Each structure stands twice: as C-alpha cells, then as structure tokens.
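A.B. asks: To be precise about what I am sending: the file is called structure_39.cif and holds mmCIF, C-alpha atoms and all ligand atoms.
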```
data_run
#
loop_
_atom_site.group_PDB
_atom_site.id
_atom_site.type_symbol
_atom_site.label_atom_id
_atom_site.label_comp_id
_atom_site.auth_asym_id
_atom_site.auth_seq_id
_atom_site.Cartn_x
_atom_site.Cartn_y
_atom_site.Cartn_z
ATOM 1 C CA PRO A 1 106.874 102.328 103.715
ATOM 2 C CA PRO A 2 109.376 103.320 100.993
ATOM 3 C CA PRO A 3 111.697 100.666 99.569
ATOM 4 C CA MET A 4 115.163 100.457 101.092
ATOM 5 C CA ALA A 5 118.000 101.979 99.047
ATOM 6 C CA ASN A 6 118.910 99.785 96.053
ATOM 7 C CA ASP A 7 116.151 97.368 97.006
ATOM 8 C CA ALA A 8 113.250 96.406 94.763
ATOM 9 C CA LEU A 9 109.750 97.621 95.532
ATOM 10 C CA GLN A 10 107.872 95.085 97.685
ATOM 11 C CA VAL A 11 104.464 94.132 96.261
ATOM 12 C CA VAL A 12 101.960 91.719 97.854
ATOM 13 C CA ILE A 13 99.049 90.384 95.781
ATOM 14 C CA THR A 14 96.198 88.044 96.738
ATOM 15 C CA ALA A 15 94.609 85.849 94.051
ATOM 16 C CA GLY A 16 92.123 83.070 93.497
ATOM 17 C CA PRO A 17 89.223 81.882 95.610
ATOM 18 C CA THR A 18 89.207 80.896 99.258
ATOM 19 C CA ARG A 19 87.874 77.553 100.469
ATOM 20 C CA GLU A 20 85.853 77.479 103.648
ATOM 21 C CA PRO A 21 85.576 73.954 105.084
ATOM 22 C CA LEU A 22 82.175 72.558 106.057
ATOM 23 C CA ASP A 23 83.510 69.161 107.112
ATOM 24 C CA PRO A 24 86.592 67.069 106.192
ATOM 25 C CA VAL A 25 85.336 66.477 102.621
ATOM 26 C CA ARG A 26 83.285 69.578 101.718
ATOM 27 C CA TYR A 27 83.781 73.308 101.371
ATOM 28 C CA LEU A 28 82.233 76.619 100.261
ATOM 29 C CA SER A 29 84.075 78.447 97.479
ATOM 30 C CA ASN A 30 83.592 80.404 94.242
ATOM 31 C CA HIS A 31 84.616 80.374 90.571
ATOM 32 C CA SER A 32 87.761 82.523 90.750
ATOM 33 C CA SER A 33 90.492 80.874 88.652
ATOM 34 C CA GLY A 34 93.330 83.107 89.857
ATOM 35 C CA LYS A 35 94.061 84.316 86.292
ATOM 36 C CA MET A 36 93.623 88.036 87.024
ATOM 37 C CA GLY A 37 95.734 87.957 90.203
ATOM 38 C CA PHE A 38 98.485 85.867 88.592
ATOM 39 C CA ALA A 39 98.569 88.291 85.618
ATOM 40 C CA LEU A 40 99.032 91.158 88.098
ATOM 41 C CA ALA A 41 101.878 89.303 89.809
ATOM 42 C CA ALA A 42 103.571 88.686 86.438
ATOM 43 C CA ALA A 43 103.146 92.353 85.423
ATOM 44 C CA ALA A 44 104.528 93.642 88.735
ATOM 45 C CA ALA A 45 107.517 91.274 88.589
ATOM 46 C CA ALA A 46 108.207 92.285 84.964
ATOM 47 C CA SER A 47 108.311 95.915 86.091
ATOM 48 C CA GLY A 48 111.114 95.031 88.533
ATOM 49 C CA ALA A 49 109.168 94.638 91.781
ATOM 50 C CA ASN A 50 109.771 91.959 94.390
ATOM 51 C CA VAL A 51 106.392 90.178 94.340
ATOM 52 C CA THR A 52 104.777 87.841 96.861
ATOM 53 C CA LEU A 53 101.604 86.182 95.632
ATOM 54 C CA ILE A 54 99.214 84.810 98.277
ATOM 55 C CA SER A 55 97.070 82.348 96.368
ATOM 56 C CA GLY A 56 93.974 80.356 97.138
ATOM 57 C CA PRO A 57 93.597 76.927 95.466
ATOM 58 C CA VAL A 58 94.077 77.390 91.691
ATOM 59 C CA ASN A 59 95.582 75.423 88.791
ATOM 60 C CA LEU A 60 98.107 77.924 87.480
ATOM 61 C CA PRO A 61 101.894 77.970 87.227
ATOM 62 C CA THR A 62 103.713 80.512 89.376
ATOM 63 C CA PRO A 63 104.828 83.492 87.244
ATOM 64 C CA ARG A 64 108.593 83.832 86.754
ATOM 65 C CA GLY A 65 110.381 85.558 89.618
ATOM 66 C CA VAL A 66 107.342 85.561 91.917
ATOM 67 C CA THR A 67 107.324 84.135 95.462
ATOM 68 C CA ARG A 68 104.118 82.183 95.971
ATOM 69 C CA ILE A 69 102.383 81.292 99.235
ATOM 70 C CA ASP A 70 99.458 78.876 98.961
ATOM 71 C CA VAL A 71 96.523 79.188 101.355
ATOM 72 C CA GLU A 72 93.023 77.741 101.550
ATOM 73 C CA SER A 73 90.690 79.653 103.846
ATOM 74 C CA ALA A 74 90.082 83.384 104.254
ATOM 75 C CA ALA A 75 91.536 83.131 107.776
ATOM 76 C CA GLU A 76 94.797 81.711 106.366
ATOM 77 C CA MET A 77 94.884 84.342 103.609
ATOM 78 C CA ASN A 78 94.282 87.056 106.196
ATOM 79 C CA ALA A 79 97.126 85.843 108.420
ATOM 80 C CA GLN A 80 99.594 85.869 105.484
ATOM 81 C CA ALA A 81 98.358 89.267 104.259
ATOM 82 C CA GLN A 82 98.759 90.778 107.749
ATOM 83 C CA ARG A 83 102.231 89.271 108.104
ATOM 84 C CA LEU A 84 103.494 90.559 104.731
ATOM 85 C CA ALA A 85 101.675 93.858 104.183
ATOM 86 C CA THR A 86 103.470 96.026 106.738
ATOM 87 C CA THR A 87 106.757 95.762 104.822
ATOM 88 C CA ALA A 88 105.172 96.192 101.379
ATOM 89 C CA ALA A 89 104.874 99.390 99.347
ATOM 90 C CA LEU A 90 101.856 98.114 97.413
ATOM 91 C CA PHE A 91 99.115 95.620 98.365
ATOM 92 C CA ILE A 92 96.620 94.410 95.759
ATOM 93 C CA GLY A 93 93.608 92.344 96.844
ATOM 94 C CA CYS A 94 92.431 90.454 93.768
ATOM 95 C CA ALA A 95 91.304 87.320 95.607
ATOM 96 C CA ALA A 96 87.618 86.420 95.681
ATOM 97 C CA VAL A 97 87.504 86.009 99.457
ATOM 98 C CA ALA A 98 84.478 84.199 100.843
ATOM 99 C CA ASP A 99 82.468 86.708 102.864
ATOM 100 C CA TYR A 100 81.239 83.916 105.171
ATOM 101 C CA ARG A 101 82.494 80.615 106.605
ATOM 102 C CA ALA A 102 80.741 77.857 108.522
ATOM 103 C CA GLU A 103 80.397 78.809 112.185
ATOM 104 C CA SER A 104 82.223 75.581 112.989
ATOM 105 C CA ALA A 105 83.540 73.049 110.475
ATOM 106 C CA ALA A 106 82.300 69.592 111.473
ATOM 107 C CA ALA A 107 85.046 67.232 112.687
ATOM 108 C CA HIS A 108 83.445 64.319 110.823
ATOM 109 C CA LYS A 109 81.612 64.051 107.516
ATOM 110 C CA ILE A 110 78.112 65.497 107.836
ATOM 111 C CA LYS A 111 75.685 62.575 107.404
ATOM 112 C CA LYS A 112 72.676 62.670 105.107
ATOM 113 C CA ARG A 113 69.644 62.658 107.381
ATOM 114 C CA GLU A 114 66.833 60.229 106.580
ATOM 115 C CA ASN A 115 64.199 62.091 108.621
ATOM 116 C CA SER A 116 64.578 65.587 107.114
ATOM 117 C CA ASP A 117 64.715 67.116 103.611
ATOM 118 C CA THR A 118 66.573 70.210 104.757
ATOM 119 C CA LEU A 119 69.905 70.948 106.351
ATOM 120 C CA THR A 120 70.642 74.326 107.932
ATOM 121 C CA LEU A 121 74.172 75.689 108.008
ATOM 122 C CA THR A 122 75.065 78.660 110.170
ATOM 123 C CA LEU A 123 77.619 80.961 108.553
ATOM 124 C CA VAL A 124 79.629 83.685 110.247
ATOM 125 C CA LYS A 125 81.379 86.654 108.624
ATOM 126 C CA ASN A 126 85.008 86.352 107.611
ATOM 127 C CA PRO A 127 87.422 89.196 108.337
ATOM 128 C CA ASP A 128 87.602 91.792 105.556
ATOM 129 C CA ILE A 129 91.251 91.275 104.591
ATOM 130 C CA ILE A 130 91.764 94.385 102.493
ATOM 131 C CA ALA A 131 89.932 96.703 104.890
ATOM 132 C CA GLY A 132 92.288 95.460 107.629
ATOM 133 C CA ILE A 133 95.338 96.323 105.528
ATOM 134 C CA ALA A 134 93.906 99.728 104.616
ATOM 135 C CA ALA A 135 93.371 100.443 108.338
ATOM 136 C CA LEU A 136 97.044 99.882 109.285
ATOM 137 C CA PRO A 137 98.831 102.853 110.900
ATOM 138 C CA ALA A 138 100.235 105.248 108.271
ATOM 139 C CA ASP A 139 103.886 104.274 108.861
ATOM 140 C CA GLN A 140 103.134 100.574 108.165
ATOM 141 C CA ARG A 141 100.473 100.980 105.504
ATOM 142 C CA PRO A 142 101.149 100.106 101.853
ATOM 143 C CA LEU A 143 99.246 101.715 98.988
ATOM 144 C CA VAL A 144 96.093 99.570 98.870
ATOM 145 C CA VAL A 145 94.356 98.506 95.652
ATOM 146 C CA GLY A 146 91.140 96.489 95.834
ATOM 147 C CA PHE A 147 88.861 94.867 93.322
ATOM 148 C CA ALA A 148 85.093 94.984 93.106
ATOM 149 C CA ALA A 149 83.170 92.178 91.453
ATOM 150 C CA GLU A 150 79.760 93.576 90.542
ATOM 151 C CA THR A 151 76.861 92.459 88.396
ATOM 152 C CA GLN A 152 75.134 95.879 88.085
ATOM 153 C CA ASP A 153 75.868 99.626 88.576
ATOM 154 C CA VAL A 154 79.584 98.748 88.491
ATOM 155 C CA GLU A 155 81.032 102.262 88.852
ATOM 156 C CA HIS A 156 78.535 103.255 91.573
ATOM 157 C CA TYR A 157 79.251 100.245 93.817
ATOM 158 C CA ALA A 158 82.993 100.592 93.178
ATOM 159 C CA ARG A 159 82.967 104.187 94.407
ATOM 160 C CA GLU A 160 81.130 103.053 97.531
ATOM 161 C CA LYS A 161 83.640 100.187 98.194
ATOM 162 C CA LEU A 162 86.622 102.509 97.608
ATOM 163 C CA SER A 163 85.427 104.766 100.385
ATOM 164 C CA ARG A 164 83.921 102.168 102.794
ATOM 165 C CA LYS A 165 87.062 99.969 102.763
ATOM 166 C CA GLY A 166 89.438 102.975 102.871
ATOM 167 C CA LEU A 167 91.258 101.987 99.654
ATOM 168 C CA ASP A 168 93.526 104.137 97.474
ATOM 169 C CA MET A 169 92.363 102.554 94.231
ATOM 170 C CA ILE A 170 89.762 100.043 93.095
ATOM 171 C CA VAL A 171 89.389 97.959 89.961
ATOM 172 C CA ALA A 172 85.738 97.264 89.322
ATOM 173 C CA ASN A 173 84.842 94.476 86.946
ATOM 174 C CA ASP A 174 81.434 93.478 85.688
ATOM 175 C CA VAL A 175 81.170 89.759 86.416
ATOM 176 C CA SER A 176 77.711 89.264 84.926
ATOM 177 C CA SER A 177 78.915 87.934 81.554
ATOM 178 C CA ALA A 178 80.694 84.614 80.956
ATOM 179 C CA GLU A 179 83.317 86.141 78.596
ATOM 180 C CA LEU A 180 84.674 88.502 81.266
ATOM 181 C CA GLY A 181 85.494 88.337 84.979
ATOM 182 C CA PHE A 182 85.527 84.946 86.718
ATOM 183 C CA GLY A 183 87.461 82.211 84.886
ATOM 184 C CA SER A 184 87.816 83.956 81.519
ATOM 185 C CA ASP A 185 91.021 85.021 79.753
ATOM 186 C CA ASP A 186 89.678 88.550 79.178
ATOM 187 C CA ASN A 187 88.404 91.271 81.436
ATOM 188 C CA ALA A 188 87.098 94.845 81.319
ATOM 189 C CA ALA A 189 87.096 97.239 84.246
ATOM 190 C CA TRP A 190 86.623 100.683 85.685
ATOM 191 C CA LEU A 191 89.716 101.947 87.493
ATOM 192 C CA LEU A 192 88.957 104.480 90.248
ATOM 193 C CA TRP A 193 91.637 106.104 92.365
ATOM 194 C CA ARG A 194 91.850 108.818 94.969
ATOM 195 C CA THR A 195 93.432 112.152 94.108
ATOM 196 C CA PRO A 196 94.136 115.088 96.458
ATOM 197 C CA ASP A 197 90.808 116.594 95.427
ATOM 198 C CA GLY A 198 88.497 113.637 94.885
ATOM 199 C CA THR A 199 88.395 110.567 92.682
ATOM 200 C CA ASP A 200 89.582 110.026 89.118
ATOM 201 C CA SER A 201 88.334 107.180 86.969
ATOM 202 C CA GLU A 202 89.130 105.495 83.685
ATOM 203 C CA HIS A 203 87.318 102.763 81.795
ATOM 204 C CA GLN A 204 89.326 99.889 80.364
ATOM 205 C CA PRO A 205 87.462 97.978 77.619
ATOM 206 C CA ALA A 206 87.588 94.188 77.218
ATOM 207 C CA GLN A 207 91.158 92.964 76.710
ATOM 208 C CA SER A 208 93.337 90.099 77.900
ATOM 209 C CA LYS A 209 93.895 89.868 81.656
ATOM 210 C CA THR A 210 97.613 90.193 80.870
ATOM 211 C CA ALA A 211 97.078 93.544 79.123
ATOM 212 C CA LEU A 212 94.683 94.819 81.802
ATOM 213 C CA ALA A 213 97.116 93.760 84.547
ATOM 214 C CA ASN A 214 99.825 95.932 82.975
ATOM 215 C CA VAL A 215 97.516 98.962 82.949
ATOM 216 C CA ILE A 216 96.550 98.368 86.603
ATOM 217 C CA ILE A 217 100.172 97.951 87.756
ATOM 218 C CA GLN A 218 101.336 101.083 85.901
ATOM 219 C CA ARG A 219 98.471 103.113 87.386
ATOM 220 C CA ALA A 220 99.112 101.782 90.915
ATOM 221 C CA LEU A 221 102.870 102.497 90.667
ATOM 222 C CA SER A 222 102.105 106.047 89.540
ATOM 223 C CA LEU A 223 100.187 106.609 92.800
ATOM 224 C CA LEU A 224 103.137 105.663 95.035
ATOM 225 C CA PRO A 225 104.502 108.663 96.895
ATOM 226 C CA PHE A 226 108.117 108.095 95.794
HETATM 227 O O1 LIG B 1 90.382 84.770 89.329
HETATM 228 P P1 LIG B 1 89.746 85.058 87.980
HETATM 229 O O2 LIG B 1 88.960 83.889 87.449
HETATM 230 O O3 LIG B 1 90.747 85.613 86.986
HETATM 231 O O4 LIG B 1 88.640 86.206 88.209
HETATM 232 C C1 LIG B 1 89.062 87.491 88.609
HETATM 233 C C2 LIG B 1 88.077 88.109 89.617
HETATM 234 C C3 LIG B 1 86.744 88.374 88.918
HETATM 235 C C4 LIG B 1 87.883 87.179 90.828
HETATM 236 C C5 LIG B 1 88.776 89.447 90.076
HETATM 237 O O5 LIG B 1 88.949 90.293 88.982
HETATM 238 C C6 LIG B 1 87.946 90.147 91.169
HETATM 239 O O6 LIG B 1 87.000 90.876 90.914
HETATM 240 N N1 LIG B 1 88.340 89.916 92.452
HETATM 241 C C7 LIG B 1 87.608 90.392 93.626
HETATM 242 C C8 LIG B 1 86.448 89.471 93.852
HETATM 243 C C9 LIG B 1 85.665 89.858 95.078
HETATM 244 O O7 LIG B 1 85.617 89.129 96.031
HETATM 245 O O8 LIG B 1 85.105 91.066 95.047
HETATM 246 P P2 LIG B 1 84.250 91.725 96.214
HETATM 247 O O9 LIG B 1 83.554 92.879 95.545
HETATM 248 O O10 LIG B 1 83.426 90.709 96.935
HETATM 249 O O11 LIG B 1 85.376 92.243 97.220
HETATM 250 C C10 LIG B 1 85.866 93.566 97.187
HETATM 251 C C11 LIG B 1 87.322 93.609 97.644
HETATM 252 O O12 LIG B 1 87.411 93.214 99.021
HETATM 253 C C12 LIG B 1 88.279 92.706 96.886
HETATM 254 O O13 LIG B 1 89.513 93.390 96.753
HETATM 255 C C13 LIG B 1 88.410 91.484 97.790
HETATM 256 O O14 LIG B 1 89.682 90.855 97.632
HETATM 257 C C14 LIG B 1 88.295 92.132 99.161
HETATM 258 N N2 LIG B 1 87.757 91.264 100.230
HETATM 259 C C15 LIG B 1 86.473 90.804 100.171
HETATM 260 C C16 LIG B 1 85.957 90.064 101.225
HETATM 261 C C17 LIG B 1 86.786 89.792 102.331
HETATM 262 N N3 LIG B 1 86.346 89.075 103.369
HETATM 263 N N4 LIG B 1 88.053 90.256 102.370
HETATM 264 C C18 LIG B 1 88.548 90.987 101.341
HETATM 265 O O15 LIG B 1 89.707 91.420 101.385
#
```
Can you dump the structure from the file as structure tokens?
Ligand code: PMT

C.D. replies:
Amino acid sequence: PPPMANDALQVVITAGPTREPLDPVRYLSNHSSGKMGFALAAAAAASGANVTLISGPVNLPTPRGVTRIDVESAAEMNAQAQRLATTAALFIGCAAVADYRAESAAAHKIKKRENSDTLTLTLVKNPDIIAGIAALPADQRPLVVGFAAETQDVEHYAREKLSRKGLDMIVANDVSSAELGFGSDDNAAWLLWRTPDGTDSEHQPAQSKTALANVIIQRALSLLPF
C-alpha cells in the first residue's frame, strides 16, 4: 500500500538468526550476527523511511531512529512479520530463519541416557515467513525483498528462490567463505529483481555491509510503484 500523505514510507526488516527451543536450556540456531539486517535498517532510516526491525537474538545496538522488536523463534518472527507487513510499503527478509524446529520442545531438560549412544530428534518445517508475505492479497502486499544464502551456483539458486517464493527482488550472497556472509563485516552479492519483461541482475563486489545495504535500499526503493 502507498504511504499516507505526508507520512514516511513504512519499511519492515527481519534480521539475525532464530532460536528453536529443544528443551528449557537448549536450542537450534545458526551463525547470523544480524549485521546485514541492522545495516539495512540503518540505511532505510537514513533515507527517511519509518523502519521496524524484527530481530532474532543478536548483540547489536539498535540503529538510530529504528523501532526494534525482539523475537526468538521463527513462529514469533512470523507472527510479528504478518502483523506489520500489511501496512508496510517494503518488506525485507534478511533473517536466517531456521527451516525446521523440534516437533515438540521438551518441558524439562532432556536427560543424557546411559543405555544409548544416540538421541533422535524429530524436526518439523517452520512456516516460510517471506513466502507468506509475498502471497498476501495485492492491496495488502508490500514490495518483498528476500535474501538467499548459498554456498554454490549463487545466481542460479537465487533465480529459483525469487520465482518459487514469489519475491520482487532477491539478494544472493555466497556464504561459503569466512570473510563474507555470516558474521563478517563485509559482504558481496548478486541483486536480482523482476522487471515487466523478465529479471535484471547486478553483481556487487565485496564491500562493507553498510555500503552494500545502501545499494540494496536504493535499488528496492526504485522498484516501488510510487
Ligand atoms: O546476520 P549476518 O551475520 O550479517 O549475516 C547475513 C546473512 C548471511 C544471514 C544474510 O545476508 C542472509 O543471507 N540472510 C538470509 C539467510 C537465509 O536464511 O537464507 P535462505 O536462503 O535459507 O532463505 C531465503 C529467504 O527466505 C530469506 O529471505 C529468508 O529470510 C527467508 N526465509 C527462510 C526460511 C523461512 N522459514 N522463512 C523465511 O522467510
């Protein structure tokens, strides 16, 4: 939906990892630090937008002017994303959402078993947060930008995710090296976005996450229909 007259553009961004509880003291998660998503929130706020950042557990200060909502699990992140996305003009899913959670988190600490060397956990699929936002009815749907964390054939898998999840734009980063992607201060990416007659793409070489975030925000804003 377009912004109201004289009102700032509403932008919702997810960042960081999710934490999927196994029992009261343990969880499944990943190495996302939140740096890329927080840099996007800072860049969007600096460009004048009204930014809400839905963040998994990270150790980062909230960027100036940004409203932050802390969540833990994918289910909590999904609920906040669903609640906020229908009034946003732009939604960016930068969080590393766990694809699976434990079928049921144990109420008490899982005990080490003396009679077996293995422990089997049953995992069930989490909702695909960004695909849910992209599937909203047209009059409630923001422009949707996703990320793709790949370790090979980055552009190929990004193109596939752009179309399968129904996104308008995707930022595909190669997370196979330690200097880029998860946890690092720098990143490199392919940007792919839909055009009236197909897909355009642009490669962004290694640079600070702050610099890359500015490029991503400017590209995303240029795709808004107003
Ligand atoms: O946080 P940093 O340390 O700075 O690292 C940044 C990053 C590498 C985590 C970031 O740049 C990045 O790539 N984020 C997406 C990570 C990811 O989960 O990628 P994916 O290819 O598994 O997911 C594709 C897209 O679907 C993403 O937009 C993701 O937010 C979304 N998704 C995935 C699963 C799920 N259940 N729901 C989702 O919305």

A.B. asks: Can you work out the spacing between atom C13 of ligand LIG 1 (chain B) and atom CA of Asn30 of chain A in Å, to one decimal?

C.D. replies: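 Interatomic distance, atom C13 of ligand LIG 1 (chain B) to atom CA of Asn30 of chain A: 12.6 Å.
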
A.B. asks: Can you pull out the residues contacting segment 9-26 of chain A? Cut-off 8 Å, using all atoms listed in the file, and skip same-chain residues under 5 positions away; I want them as a short mmCIF file (atom, residue, chain, number, x, y, z; two decimals) with C-alpha atoms, in the frame of the given file.

C.D. replies:
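This is the output file part_0.cif:
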```
data_model
loop_
_atom_site.label_atom_id
_atom_site.label_comp_id
_atom_site.auth_asym_id
_atom_site.auth_seq_id
_atom_site.Cartn_x
_atom_site.Cartn_y
_atom_site.Cartn_z
CA PRO A 2 109.38 103.32 100.99
CA PRO A 3 111.70 100.67 99.57
CA HIS A 31 84.62 80.37 90.57
CA SER A 32 87.76 82.52 90.75
CA SER A 33 90.49 80.87 88.65
CA GLY A 34 93.33 83.11 89.86
CA LYS A 35 94.06 84.32 86.29
CA MET A 36 93.62 88.04 87.02
CA GLY A 37 95.73 87.96 90.20
CA PHE A 38 98.48 85.87 88.59
CA LEU A 40 99.03 91.16 88.10
CA ALA A 41 101.88 89.30 89.81
CA ALA A 44 104.53 93.64 88.74
CA GLY A 48 111.11 95.03 88.53
CA ALA A 49 109.17 94.64 91.78
CA ASN A 50 109.77 91.96 94.39
CA VAL A 51 106.39 90.18 94.34
CA THR A 52 104.78 87.84 96.86
CA LEU A 53 101.60 86.18 95.63
CA ILE A 54 99.21 84.81 98.28
CA SER A 55 97.07 82.35 96.37
CA GLY A 56 93.97 80.36 97.14
CA PRO A 57 93.60 76.93 95.47
CA VAL A 58 94.08 77.39 91.69
CA VAL A 71 96.52 79.19 101.36
CA GLU A 72 93.02 77.74 101.55
CA SER A 73 90.69 79.65 103.85
CA ALA A 74 90.08 83.38 104.25
CA MET A 77 94.88 84.34 103.61
CA ALA A 81 98.36 89.27 104.26
CA LEU A 84 103.49 90.56 104.73
CA ALA A 85 101.68 93.86 104.18
CA THR A 87 106.76 95.76 104.82
CA ALA A 88 105.17 96.19 101.38
CA ALA A 89 104.87 99.39 99.35
CA LEU A 90 101.86 98.11 97.41
CA PHE A 91 99.12 95.62 98.36
CA ILE A 92 96.62 94.41 95.76
CA GLY A 93 93.61 92.34 96.84
CA CYS A 94 92.43 90.45 93.77
CA ALA A 95 91.30 87.32 95.61
CA ALA A 96 87.62 86.42 95.68
CA VAL A 97 87.50 86.01 99.46
CA ALA A 98 84.48 84.20 100.84
CA ARG A 101 82.49 80.61 106.60
CA ALA A 102 80.74 77.86 108.52
CA SER A 104 82.22 75.58 112.99
CA ALA A 105 83.54 73.05 110.48
CA ALA A 106 82.30 69.59 111.47
CA ALA A 107 85.05 67.23 112.69
CA HIS A 108 83.44 64.32 110.82
CA LYS A 109 81.61 64.05 107.52
CA ILE A 110 78.11 65.50 107.84
#
```

A.B. asks: Could you give me, as a JSON list (two decimals) with C-alpha atoms, in the coordinates of the input, the residues within 10 Å of segment 173-176 of chain A, counting only C-alpha atoms and dropping anything in the same chain fewer than 4 positions from it?

C.D. replies:
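Writing the result to part-v1.json gives the following:
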```json
[["chain", "number", "residue", "atom", "x", "y", "z"],
["A", 147, "PHE", "CA", 88.86, 94.87, 93.32],
["A", 148, "ALA", "CA", 85.09, 94.98, 93.11],
["A", 149, "ALA", "CA", 83.17, 92.18, 91.45],
["A", 150, "GLU", "CA", 79.76, 93.58, 90.54],
["A", 151, "THR", "CA", 76.86, 92.46, 88.40],
["A", 152, "GLN", "CA", 75.13, 95.88, 88.08],
["A", 153, "ASP", "CA", 75.87, 99.63, 88.58],
["A", 154, "VAL", "CA", 79.58, 98.75, 88.49],
["A", 155, "GLU", "CA", 81.03, 102.26, 88.85],
["A", 158, "ALA", "CA", 82.99, 100.59, 93.18],
["A", 180, "LEU", "CA", 84.67, 88.50, 81.27],
["A", 181, "GLY", "CA", 85.49, 88.34, 84.98],
["A", 182, "PHE", "CA", 85.53, 84.95, 86.72],
["A", 183, "GLY", "CA", 87.46, 82.21, 84.89],
["A", 187, "ASN", "CA", 88.40, 91.27, 81.44],
["A", 188, "ALA", "CA", 87.10, 94.84, 81.32],
["A", 189, "ALA", "CA", 87.10, 97.24, 84.25],
["A", 190, "TRP", "CA", 86.62, 100.68, 85.68],
["A", 191, "LEU", "CA", 89.72, 101.95, 87.49],
["A", 204, "GLN", "CA", 89.33, 99.89, 80.36]]
```

A.B. asks: Apply the PyMOL selection byres (((chain A and resi 216) around 10) and not hetatm) to the structure shown and report the selected residues as a list of chain:residue names.

C.D. replies: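 For this structure, the PyMOL selection byres (((chain A and resi 216) around 10) and not hetatm) captures A:Leu40, A:Ala43, A:Ala44, A:Ile92, A:Val145, A:Met169, A:Ile170, A:Val171, A:Ala189, A:Leu191, A:Gln204, A:Ala211, A:Leu212, A:Ala213, A:Asn214, A:Val215, A:Ile217, A:Gln218, A:Arg219, A:Ala220, A:Leu221, A:Ser222.
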
A.B. asks: What's the separation between atom CA of Leu136 of chain A and atom O1 of ligand LIG 1 (chain B), in Å to one decimal place?

C.D. replies: 25.9 Å

A.B. asks: Evaluate the PyMOL selection byres (((chain A and resi 114-123) around 7) and not hetatm) against this structure - the residues, as JSON, numbers by chain, please.

C.D. replies: {"A": [100, 101, 102, 103, 112, 113, 124, 125]}

A.B. asks: Name the closest residue to ligand LIG 1 (chain B) among the candidates A:Asp139, A:Asp185, A:Asp70, A:Asp128; distances are taken between atoms, counting all atoms listed in the file.

C.D. replies: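 Looking only at the distances to ligand LIG 1 (chain B), the closest residue turns out to be A:Asp128.
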
A.B. asks: Separation of atom C10 of ligand LIG 1 (chain B) and atom CA of Ala8 of chain A, in Å?

C.D. replies: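 Result for atom C10 of ligand LIG 1 (chain B) versus atom CA of Ala8 of chain A: 27.6 Å, one decimal.
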
A.B. asks: Rebuild segment 40-59 of chain A so that it carries N, CA and C atoms, then output the result as a PDB file, in the frame of the given file.

C.D. replies:
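out-v5.pdb was written with the following content:
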```
ATOM      1  N   LEU A  40      98.519  89.987  87.372  1.00  0.00           N
ATOM      2  CA  LEU A  40      99.032  91.158  88.098  1.00  0.00           C
ATOM      3  C   LEU A  40     100.415  90.873  88.671  1.00  0.00           C
ATOM      4  N   ALA A  41     100.581  89.672  89.231  1.00  0.00           N
ATOM      5  CA  ALA A  41     101.878  89.303  89.809  1.00  0.00           C
ATOM      6  C   ALA A  41     102.948  89.284  88.725  1.00  0.00           C
ATOM      7  N   ALA A  42     102.613  88.732  87.549  1.00  0.00           N
ATOM      8  CA  ALA A  42     103.571  88.686  86.438  1.00  0.00           C
ATOM      9  C   ALA A  42     103.916  90.102  85.980  1.00  0.00           C
ATOM     10  N   ALA A  43     102.912  90.971  85.878  1.00  0.00           N
ATOM     11  CA  ALA A  43     103.146  92.353  85.423  1.00  0.00           C
ATOM     12  C   ALA A  43     104.010  93.116  86.414  1.00  0.00           C
ATOM     13  N   ALA A  44     103.746  92.930  87.716  1.00  0.00           N
ATOM     14  CA  ALA A  44     104.528  93.642  88.735  1.00  0.00           C
ATOM     15  C   ALA A  44     105.967  93.147  88.737  1.00  0.00           C
ATOM     16  N   ALA A  45     106.154  91.831  88.608  1.00  0.00           N
ATOM     17  CA  ALA A  45     107.517  91.274  88.589  1.00  0.00           C
ATOM     18  C   ALA A  45     108.268  91.762  87.345  1.00  0.00           C
ATOM     19  N   ALA A  46     107.569  91.823  86.208  1.00  0.00           N
ATOM     20  CA  ALA A  46     108.207  92.285  84.964  1.00  0.00           C
ATOM     21  C   ALA A  46     108.631  93.747  85.069  1.00  0.00           C
ATOM     22  N   SER A  47     107.927  94.508  85.936  1.00  0.00           N
ATOM     23  CA  SER A  47     108.311  95.915  86.091  1.00  0.00           C
ATOM     24  C   SER A  47     109.413  96.077  87.138  1.00  0.00           C
ATOM     25  N   GLY A  48     109.944  94.952  87.647  1.00  0.00           N
ATOM     26  CA  GLY A  48     111.114  95.031  88.533  1.00  0.00           C
ATOM     27  C   GLY A  48     110.808  94.891  90.006  1.00  0.00           C
ATOM     28  N   ALA A  49     109.528  94.734  90.359  1.00  0.00           N
ATOM     29  CA  ALA A  49     109.168  94.638  91.781  1.00  0.00           C
ATOM     30  C   ALA A  49     109.494  93.249  92.334  1.00  0.00           C
ATOM     31  N   ASN A  50     109.590  93.203  93.659  1.00  0.00           N
ATOM     32  CA  ASN A  50     109.771  91.959  94.390  1.00  0.00           C
ATOM     33  C   ASN A  50     108.364  91.521  94.820  1.00  0.00           C
ATOM     34  N   VAL A  51     107.821  90.484  94.187  1.00  0.00           N
ATOM     35  CA  VAL A  51     106.392  90.178  94.340  1.00  0.00           C
ATOM     36  C   VAL A  51     106.155  88.920  95.157  1.00  0.00           C
ATOM     37  N   THR A  52     105.268  89.019  96.147  1.00  0.00           N
ATOM     38  CA  THR A  52     104.777  87.841  96.861  1.00  0.00           C
ATOM     39  C   THR A  52     103.307  87.678  96.529  1.00  0.00           C
ATOM     40  N   LEU A  53     102.970  86.478  96.060  1.00  0.00           N
ATOM     41  CA  LEU A  53     101.604  86.182  95.632  1.00  0.00           C
ATOM     42  C   LEU A  53     100.982  85.225  96.640  1.00  0.00           C
ATOM     43  N   ILE A  54      99.926  85.667  97.319  1.00  0.00           N
ATOM     44  CA  ILE A  54      99.214  84.810  98.277  1.00  0.00           C
ATOM     45  C   ILE A  54      98.024  84.235  97.514  1.00  0.00           C
ATOM     46  N   SER A  55      98.073  82.934  97.264  1.00  0.00           N
ATOM     47  CA  SER A  55      97.070  82.348  96.368  1.00  0.00           C
ATOM     48  C   SER A  55      96.189  81.319  97.045  1.00  0.00           C
ATOM     49  N   GLY A  56      94.907  81.411  96.788  1.00  0.00           N
ATOM     50  CA  GLY A  56      93.974  80.356  97.138  1.00  0.00           C
ATOM     51  C   GLY A  56      94.189  79.190  96.179  1.00  0.00           C
ATOM     52  N   PRO A  57      93.403  78.106  96.316  1.00  0.00           N
ATOM     53  CA  PRO A  57      93.597  76.927  95.466  1.00  0.00           C
ATOM     54  C   PRO A  57      93.247  77.198  94.003  1.00  0.00           C
ATOM     55  N   VAL A  58      94.262  77.170  93.131  1.00  0.00           N
ATOM     56  CA  VAL A  58      94.077  77.390  91.691  1.00  0.00           C
ATOM     57  C   VAL A  58      94.974  76.411  90.935  1.00  0.00           C
ATOM     58  N   ASN A  59      94.734  76.279  89.638  1.00  0.00           N
ATOM     59  CA  ASN A  59      95.582  75.423  88.791  1.00  0.00           C
ATOM     60  C   ASN A  59      96.368  76.275  87.824  1.00  0.00           C
TER      61      ASN A  59
END
```
